[in-house]
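Undergrad: Contents of work-v4.txt (compact mmCIF, C-alpha atoms) are below:
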```txt
# COMPACT_ATOMS: atom_id res chain seq x y z
CA MET A 20 -40.54 6.16 7.31
CA GLY A 21 -40.00 6.62 3.58
CA PRO A 22 -37.38 8.91 2.10
CA GLU A 23 -39.87 11.72 1.49
CA THR A 24 -41.06 11.81 5.09
CA LEU A 25 -37.45 11.57 6.21
CA ILE A 26 -36.42 14.59 4.17
CA GLU A 27 -39.45 16.49 5.41
CA GLU A 28 -38.50 15.64 8.99
CA ILE A 29 -34.96 16.82 8.40
CA ARG A 30 -36.18 19.99 6.76
CA ALA A 31 -38.51 20.63 9.67
CA GLY A 32 -35.83 20.01 12.27
CA LEU A 33 -32.85 21.66 10.59
CA GLY A 34 -34.44 23.79 7.92
CA ASP A 35 -31.72 26.34 7.34
CA ALA A 36 -28.92 23.76 7.42
CA VAL A 37 -30.16 21.90 4.35
CA GLU A 38 -28.94 23.37 1.08
CA SER A 39 -30.34 20.87 -1.40
CA VAL A 40 -31.86 17.42 -1.60
CA SER A 41 -31.40 14.93 -4.41
CA ASP A 42 -31.56 11.23 -5.09
CA SER A 43 -28.83 8.76 -5.95
CA HIS A 44 -29.94 5.24 -6.98
CA GLY A 45 -32.93 5.47 -4.68
CA ASP A 46 -31.04 6.78 -1.66
CA PRO A 47 -31.46 10.39 -0.53
CA VAL A 48 -28.52 12.78 -0.80
CA ILE A 49 -28.62 15.88 1.35
CA ALA A 50 -26.22 18.79 0.98
CA VAL A 51 -25.76 20.72 4.19
CA LYS A 52 -23.76 23.74 5.25
CA ALA A 53 -20.31 22.87 6.55
CA ASP A 54 -20.82 24.51 9.93
CA SER A 55 -23.97 22.45 10.59
CA VAL A 56 -22.47 19.04 9.78
CA ARG A 57 -22.11 18.01 13.36
CA PRO A 58 -25.58 19.02 14.63
CA VAL A 59 -27.20 17.46 11.57
CA LEU A 60 -25.37 14.17 11.96
CA ALA A 61 -25.94 14.14 15.70
CA ALA A 62 -29.67 14.53 15.05
CA LEU A 63 -29.65 11.82 12.39
CA ARG A 64 -27.87 9.41 14.69
CA GLY A 65 -30.61 9.54 17.31
CA ALA A 66 -34.36 8.87 17.22
CA PRO A 67 -36.43 8.96 15.10
CA PHE A 68 -33.94 8.66 12.20
CA ASP A 69 -31.70 6.12 13.91
CA TYR A 70 -28.74 6.22 11.53
CA ALA A 71 -26.53 4.25 13.89
CA VAL A 72 -23.71 3.40 11.48
CA LEU A 73 -21.19 5.74 9.88
CA LEU A 74 -20.38 3.66 6.81
CA ASP A 75 -17.84 6.00 5.30
CA LEU A 76 -16.40 9.45 5.59
CA THR A 77 -14.37 10.80 2.72
CA CYS A 78 -13.66 13.84 0.64
CA VAL A 79 -13.62 14.78 -3.04
CA ASP A 80 -11.59 17.47 -4.77
CA PHE A 81 -13.81 17.97 -7.81
CA ALA A 82 -12.08 21.02 -9.22
CA ALA A 83 -9.21 23.05 -7.95
CA GLY A 84 -10.46 26.05 -9.93
CA GLU A 85 -13.53 26.50 -7.80
CA GLY A 86 -11.55 26.24 -4.61
CA ARG A 87 -14.00 23.88 -2.93
CA LEU A 88 -13.60 20.47 -1.32
CA GLU A 89 -16.64 18.30 -0.78
CA LEU A 90 -16.91 16.11 2.29
CA VAL A 91 -19.04 13.00 1.92
CA TYR A 92 -20.68 11.14 4.80
CA HIS A 93 -22.45 7.83 4.30
CA LEU A 94 -24.90 6.78 6.99
CA TYR A 95 -26.80 3.55 7.45
CA SER A 96 -29.77 2.73 9.64
CA LEU A 97 -29.76 -0.84 10.92
CA SER A 98 -33.32 -0.69 12.21
CA ARG A 99 -34.82 0.54 8.93
CA ASN A 100 -32.23 -0.78 6.44
CA VAL A 101 -31.84 2.54 4.62
CA ARG A 102 -28.84 4.55 3.57
CA LEU A 103 -28.29 8.29 3.44
CA ARG A 104 -25.55 10.47 2.02
CA ILE A 105 -24.64 13.88 3.44
CA ASN A 106 -22.48 16.28 1.45
CA ALA A 107 -20.83 19.42 2.72
CA SER A 108 -18.62 21.90 0.87
CA VAL A 109 -15.64 23.53 2.51
CA PRO A 110 -13.32 26.18 1.06
CA ALA A 111 -10.05 24.66 -0.21
CA ALA A 112 -8.05 27.59 1.13
CA ASP A 113 -8.95 26.80 4.75
CA PRO A 114 -10.84 23.51 4.86
CA ALA A 115 -12.24 22.86 8.32
CA VAL A 116 -15.22 21.00 9.72
CA ALA A 117 -16.28 19.73 13.11
CA SER A 118 -15.02 16.28 14.11
CA LEU A 119 -17.44 13.39 14.56
CA VAL A 120 -15.26 11.29 16.84
CA GLY A 121 -17.60 12.01 19.76
CA LEU A 122 -20.50 10.51 17.79
CA TRP A 123 -18.85 7.56 16.03
CA LYS A 124 -15.54 6.10 17.12
CA ASN A 125 -14.71 4.90 13.61
CA ALA A 126 -14.69 8.53 12.49
CA ASP A 127 -11.26 8.77 14.16
CA TRP A 128 -9.16 7.08 11.47
CA LEU A 129 -11.49 8.13 8.65
CA GLU A 130 -10.94 11.76 9.59
CA ARG A 131 -7.21 11.23 9.96
CA GLU A 132 -7.13 9.75 6.46
CA VAL A 133 -9.06 12.69 5.01
CA PHE A 134 -6.73 15.06 6.84
CA ASP A 135 -3.71 13.22 5.45
CA MET A 136 -4.94 13.05 1.85
CA PHE A 137 -6.80 16.40 1.59
CA GLY A 138 -5.63 18.55 4.49
CA VAL A 139 -9.11 19.04 5.91
CA ARG A 140 -8.88 20.11 9.54
CA PHE A 141 -11.32 18.36 11.86
CA ASP A 142 -11.92 20.62 14.82
CA GLY A 143 -12.25 18.68 18.05
CA HIS A 144 -10.42 15.59 16.80
CA PRO A 145 -8.38 14.15 19.69
CA TYR A 146 -5.33 13.11 17.65
CA LEU A 147 -5.34 14.66 14.18
CA ARG A 148 -2.14 13.28 12.69
CA ARG A 149 -1.19 11.79 9.32
CA LEU A 150 -2.45 8.22 8.95
CA LEU A 151 -1.11 6.79 5.68
CA THR A 152 1.88 8.87 4.65
CA TYR A 153 5.01 9.12 6.73
CA GLU A 154 6.54 11.71 8.97
CA GLY A 155 8.11 14.47 6.94
CA PHE A 156 5.69 14.14 4.04
CA GLU A 157 4.76 17.59 2.79
CA GLY A 158 1.45 18.48 1.24
CA HIS A 159 -1.68 16.41 0.75
CA PRO A 160 -1.36 13.99 -2.17
CA LEU A 161 -4.98 13.66 -3.26
CA LEU A 162 -5.49 17.39 -3.74
CA LYS A 163 -5.60 18.47 -7.37
CA THR A 164 -3.04 21.11 -6.50
CA TYR A 165 -0.52 18.46 -5.41
CA PRO A 166 2.15 18.14 -8.15
CA TRP A 167 1.48 15.16 -10.37
CA ARG A 168 3.50 12.05 -9.41
CA LEU A 169 5.68 14.01 -7.00
CA ALA A 170 7.40 11.46 -4.79
CA GLN A 171 8.99 12.28 -1.47
CA PRO A 172 11.57 9.53 -0.84
CA ARG A 173 12.75 8.87 2.69
CA ILE A 174 16.13 7.51 1.64
CA PRO A 175 18.40 8.49 -1.27
CA LEU A 176 17.40 6.57 -4.39
CA LYS A 177 19.64 5.48 -7.25
CA ASP A 178 19.09 7.09 -10.67
CA ASP A 179 16.94 9.85 -9.28
CA GLU A 180 15.80 12.11 -12.06
CA MET B 3 33.12 -49.98 -7.34
CA SER B 4 31.34 -48.20 -10.08
CA GLY B 5 34.47 -47.18 -11.92
CA PHE B 6 33.95 -43.58 -10.77
CA ASP B 7 36.66 -43.29 -8.20
CA TYR B 8 37.74 -39.67 -8.49
CA LEU B 9 36.47 -36.35 -9.72
CA THR B 10 38.31 -33.28 -10.92
CA THR B 11 36.92 -29.77 -10.74
CA ARG B 12 37.96 -26.24 -9.95
CA LEU B 13 37.36 -24.91 -6.47
CA GLU B 14 35.45 -21.99 -7.95
CA THR B 15 33.13 -24.30 -9.90
CA ALA B 16 32.55 -26.44 -6.84
CA ILE B 17 31.68 -23.43 -4.69
CA GLY B 18 29.36 -22.08 -7.38
CA TRP B 19 27.64 -25.48 -7.61
CA GLY B 20 27.19 -25.54 -3.86
CA ARG B 21 25.89 -22.02 -3.66
CA LYS B 22 23.40 -22.26 -6.49
CA PHE B 23 21.71 -25.33 -5.02
CA SER B 24 21.45 -24.03 -1.46
CA LEU B 25 19.66 -20.71 -1.83
CA PHE B 26 18.17 -19.75 1.52
CA GLN B 27 15.49 -17.24 0.62
CA TYR B 28 14.05 -14.35 2.56
CA PRO B 29 10.59 -13.61 1.11
CA PHE B 30 9.88 -9.86 1.37
CA ILE B 31 6.23 -10.10 0.39
CA THR B 32 4.09 -6.98 0.26
CA ALA B 33 1.32 -7.54 -2.27
CA CYS B 34 -0.73 -9.89 -4.43
CA CYS B 35 2.36 -11.45 -6.08
CA GLY B 36 2.69 -13.28 -2.77
CA MET B 37 -0.02 -15.67 -3.94
CA GLU B 38 2.07 -16.61 -6.95
CA TYR B 39 5.11 -16.94 -4.72
CA MET B 40 3.21 -19.39 -2.51
CA SER B 41 2.17 -21.31 -5.57
CA ALA B 42 5.73 -21.45 -6.86
CA ALA B 43 7.13 -22.41 -3.46
CA CYS B 44 4.60 -25.09 -2.55
CA ALA B 45 4.18 -28.64 -3.75
CA HIS B 46 2.65 -28.02 -7.18
CA PHE B 47 5.65 -26.22 -8.62
CA ASP B 48 8.04 -26.94 -5.78
CA MET B 49 10.92 -24.49 -5.68
CA ASP B 50 12.70 -27.00 -3.45
CA ARG B 51 13.61 -29.01 -6.56
CA PHE B 52 16.11 -26.25 -7.27
CA GLY B 53 17.47 -26.13 -3.76
CA ALA B 54 15.60 -22.94 -2.88
CA GLY B 55 13.09 -24.53 -0.56
CA LEU B 56 14.41 -23.39 2.78
CA THR B 57 12.65 -20.15 3.62
CA ARG B 58 14.37 -18.15 6.34
CA PHE B 59 12.52 -15.40 8.14
CA SER B 60 15.69 -13.80 9.38
CA PRO B 61 17.80 -11.85 6.89
CA ARG B 62 20.89 -12.99 8.81
CA GLN B 63 20.33 -16.57 7.68
CA ALA B 64 19.25 -15.82 4.11
CA ASP B 65 21.25 -15.30 0.96
CA LEU B 66 18.46 -14.72 -1.55
CA LEU B 67 16.19 -11.72 -1.08
CA LEU B 68 12.91 -12.18 -2.92
CA VAL B 69 11.16 -8.82 -3.20
CA VAL B 70 7.61 -9.82 -4.03
CA GLY B 71 5.17 -6.98 -4.61
CA THR B 72 4.80 -3.23 -4.52
CA VAL B 73 7.37 -1.28 -2.52
CA THR B 74 6.30 2.18 -1.41
CA HIS B 75 8.45 5.09 -0.35
CA LYS B 76 7.17 4.50 3.17
CA LEU B 77 8.58 0.97 3.05
CA ALA B 78 11.85 1.74 1.23
CA PRO B 79 14.04 2.19 4.34
CA VAL B 80 12.80 -1.17 5.65
CA LEU B 81 13.78 -2.98 2.47
CA ARG B 82 17.19 -1.30 2.51
CA THR B 83 17.72 -2.37 6.13
CA VAL B 84 16.76 -5.97 5.38
CA TYR B 85 19.21 -6.04 2.47
CA ASP B 86 21.99 -4.54 4.59
CA GLN B 87 21.40 -7.14 7.31
CA MET B 88 21.95 -10.04 4.92
CA ILE B 89 25.38 -11.59 4.90
CA GLU B 90 27.53 -11.92 1.76
CA PRO B 91 27.24 -13.60 -0.62
CA LYS B 92 23.70 -12.42 -1.34
CA TRP B 93 21.45 -12.06 -4.33
CA VAL B 94 18.22 -10.21 -5.01
CA ILE B 95 15.28 -11.15 -7.22
CA ALA B 96 12.68 -8.53 -8.19
CA PHE B 97 9.47 -10.54 -8.41
CA GLY B 98 6.61 -9.07 -10.42
CA ALA B 99 5.99 -5.88 -12.35
CA CYS B 100 5.74 -3.64 -9.28
CA ALA B 101 9.08 -4.70 -7.87
CA VAL B 102 10.68 -4.49 -11.32
CA SER B 103 9.44 -1.05 -12.33
CA GLY B 104 6.61 0.15 -10.12
CA GLY B 105 4.14 -1.66 -12.36
CA ILE B 106 0.82 0.06 -12.90
CA TYR B 107 1.56 2.54 -10.13
CA GLN B 108 3.27 5.78 -11.03
CA ASN B 109 2.28 8.14 -8.27
CA TYR B 110 3.45 9.85 -5.11
CA ALA B 111 3.61 6.62 -3.13
CA VAL B 112 5.33 3.85 -5.10
CA VAL B 113 9.06 3.38 -5.75
CA GLN B 114 9.61 2.97 -9.49
CA GLY B 115 11.51 -0.30 -9.26
CA ILE B 116 13.41 -1.72 -6.31
CA ASP B 117 16.72 -1.40 -8.19
CA ARG B 118 16.62 2.19 -6.99
CA ILE B 119 16.97 0.89 -3.42
CA VAL B 120 18.97 -2.36 -3.65
CA PRO B 121 21.02 -3.96 -6.48
CA VAL B 122 18.96 -6.56 -8.36
CA ASP B 123 20.31 -9.74 -9.97
CA VAL B 124 17.26 -11.14 -11.73
CA TYR B 125 14.06 -9.40 -12.80
CA ILE B 126 10.94 -11.55 -13.10
CA PRO B 127 8.27 -9.58 -15.00
CA GLY B 128 4.56 -10.33 -14.99
CA CYS B 129 1.50 -9.08 -13.18
CA PRO B 130 1.74 -11.46 -11.46
CA PRO B 131 4.34 -13.81 -12.99
CA ARG B 132 3.29 -17.40 -13.55
CA PRO B 133 5.10 -19.97 -11.39
CA GLU B 134 6.86 -21.24 -14.54
CA THR B 135 8.27 -17.74 -15.03
CA VAL B 136 9.42 -17.70 -11.43
CA LEU B 137 11.20 -21.03 -11.82
CA ASP B 138 12.78 -19.80 -15.06
CA GLY B 139 14.02 -16.71 -13.22
CA LEU B 140 15.36 -18.90 -10.44
CA MET B 141 17.27 -21.05 -12.92
CA LYS B 142 18.68 -17.92 -14.55
CA LEU B 143 19.91 -16.83 -11.13
CA GLN B 144 21.48 -20.26 -10.65
CA ASP B 145 23.32 -19.88 -13.96
CA LYS B 146 24.48 -16.47 -12.88
CA ILE B 147 25.74 -17.79 -9.54
CA GLN B 148 27.57 -20.64 -11.26
CA GLU B 149 29.25 -18.32 -13.75
CA GLN B 150 30.19 -15.46 -11.49
CA PRO B 151 33.61 -15.27 -9.78
CA GLN B 152 33.17 -16.76 -6.32
CA ASP B 153 34.69 -14.59 -3.68
CA TRP B 154 35.43 -16.44 -0.50
CA ARG B 155 36.77 -14.75 2.49
CA TRP B 156 40.18 -16.40 2.66
CA GLY B 157 40.85 -15.36 -0.89
CA ARG B 158 40.19 -11.69 -0.30
CA LYS B 159 43.07 -10.79 1.99
CA PRO B 160 44.50 -7.42 0.99
```
What is this structure when it is put down as structure tokens?
TA:
Amino acid sequence: MGPETLIEEIRAGLGDAVESVSDSHGDPVIAVKADSVRPVLAALRGAPFDYAVLLDLTCVDFAAGEGRLELVYHLYSLSRNVRLRINASVPAADPAVASLVGLWKNADWLEREVFDMFGVRFDGHPYLRRLLTYEGFEGHPLLKTYPWRLAQPRIPLKDDE
Amino acid sequence: MSGFDYLTTRLETAIGWGRKFSLFQYPFITACCGMEYMSAACAHFDMDRFGAGLTRFSPRQADLLLVVGTVTHKLAPVLRTVYDQMIEPKWVIAFGACAVSGGIYQNYAVVQGIDRIVPVDVYIPGCPPRPETVLDGLMKLQDKIQEQPQDWRWGRKP
């Protein structure tokens, strides 16, 4: 199944979910609507696409001005040795998307990291808590709206400006 | 006999000599500088030549705290606790650019130099420092220990 047939299959199956299709270094990139992320990825995980591996799940804050965050999912098919990228935009004011923990177990910590760094809420996540920063940390440090270099010390520091 | 039957010195000098050649180190290693620390500590460069070969993994038994690598705000209370658990007399070496000043990291996560958490005696710059630099820093600490007033407990009665 080449990339063209694949995209046609996806379009046929989930026509209104697909917003755009492009190509990145030979691998297809599909932008989908945020509310259809879970059904699309559930379909891609099973036959005939067989994307069994969730390689990565992350988020990008391209521009605070537009008020959008972009979620990025990287999938890999072991049986066909092909990769696929799924993008989905969520509003920065209330970023929320369905959790994928039920589909891939490794989505658990990936989603917790994205929640920690970007504040994206993953609905249906069993334990959505900060992963990297500590208790009492306020805000989400990788957002463009987070104040530049703002540290949140846990103990009093000498020579604090 | 060899003609060397007696020796005169000051108690303070003798204590300083003893202390500077029996540094029990606690390596607080968090990042890539640890590789250079291993190199400096092992046979090629051999820190043990300077009496700093006995690594203790309990702060209670150590008197030299080697902070090797990046210290984040998440880790800061741990470093402070380790320092507080060490028994006097104690010294601290900041090993590498990150421990000295935060290094290349100036962001929400990294403490801009461990001297904001614990008092530092010797700073060893470099990213990472060469083992020669480490040994030079160690010898500078030895000089400092030799020169400083030695407080011993029986001399500090109020």
Undergrad: Restrict the distance test to all atoms listed in the file, flag each residue of chain B within 8 Å of chain A, and return the flagged residues as a PyMOL selection string.
TA: chain B and resi 75-76+78-79+108-112+117-119
Undergrad: Separation of atom CA of Met141 of chain B and atom CA of Lys22 of chain B, in Å?
TA: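 Taking atom CA of Met141 of chain B and atom CA of Lys22 of chain B, their separation equals 9.0 Å.
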Undergrad: Which of these, A:Ala66, A:Leu162, A:Ala71, A:Ala36, has the shortest distance to Ala112 of chain A once you count only C-alpha atoms?
TA: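 When distances to Ala112 of chain A are compared using only C-alpha atoms, the smallest one comes from A:Leu162.
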Undergrad: By how many Å are atom CA of Cys35 of chain B and atom CA of Leu129 of chain A apart?
TA: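 Rounded to one decimal, the two atoms are 28.1 Å apart.
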Undergrad: Can you work out the spacing between atom CA of Asp75 of chain A and atom CA of Leu119 of chain A in Å, to one decimal?
TA: 11.9 Å
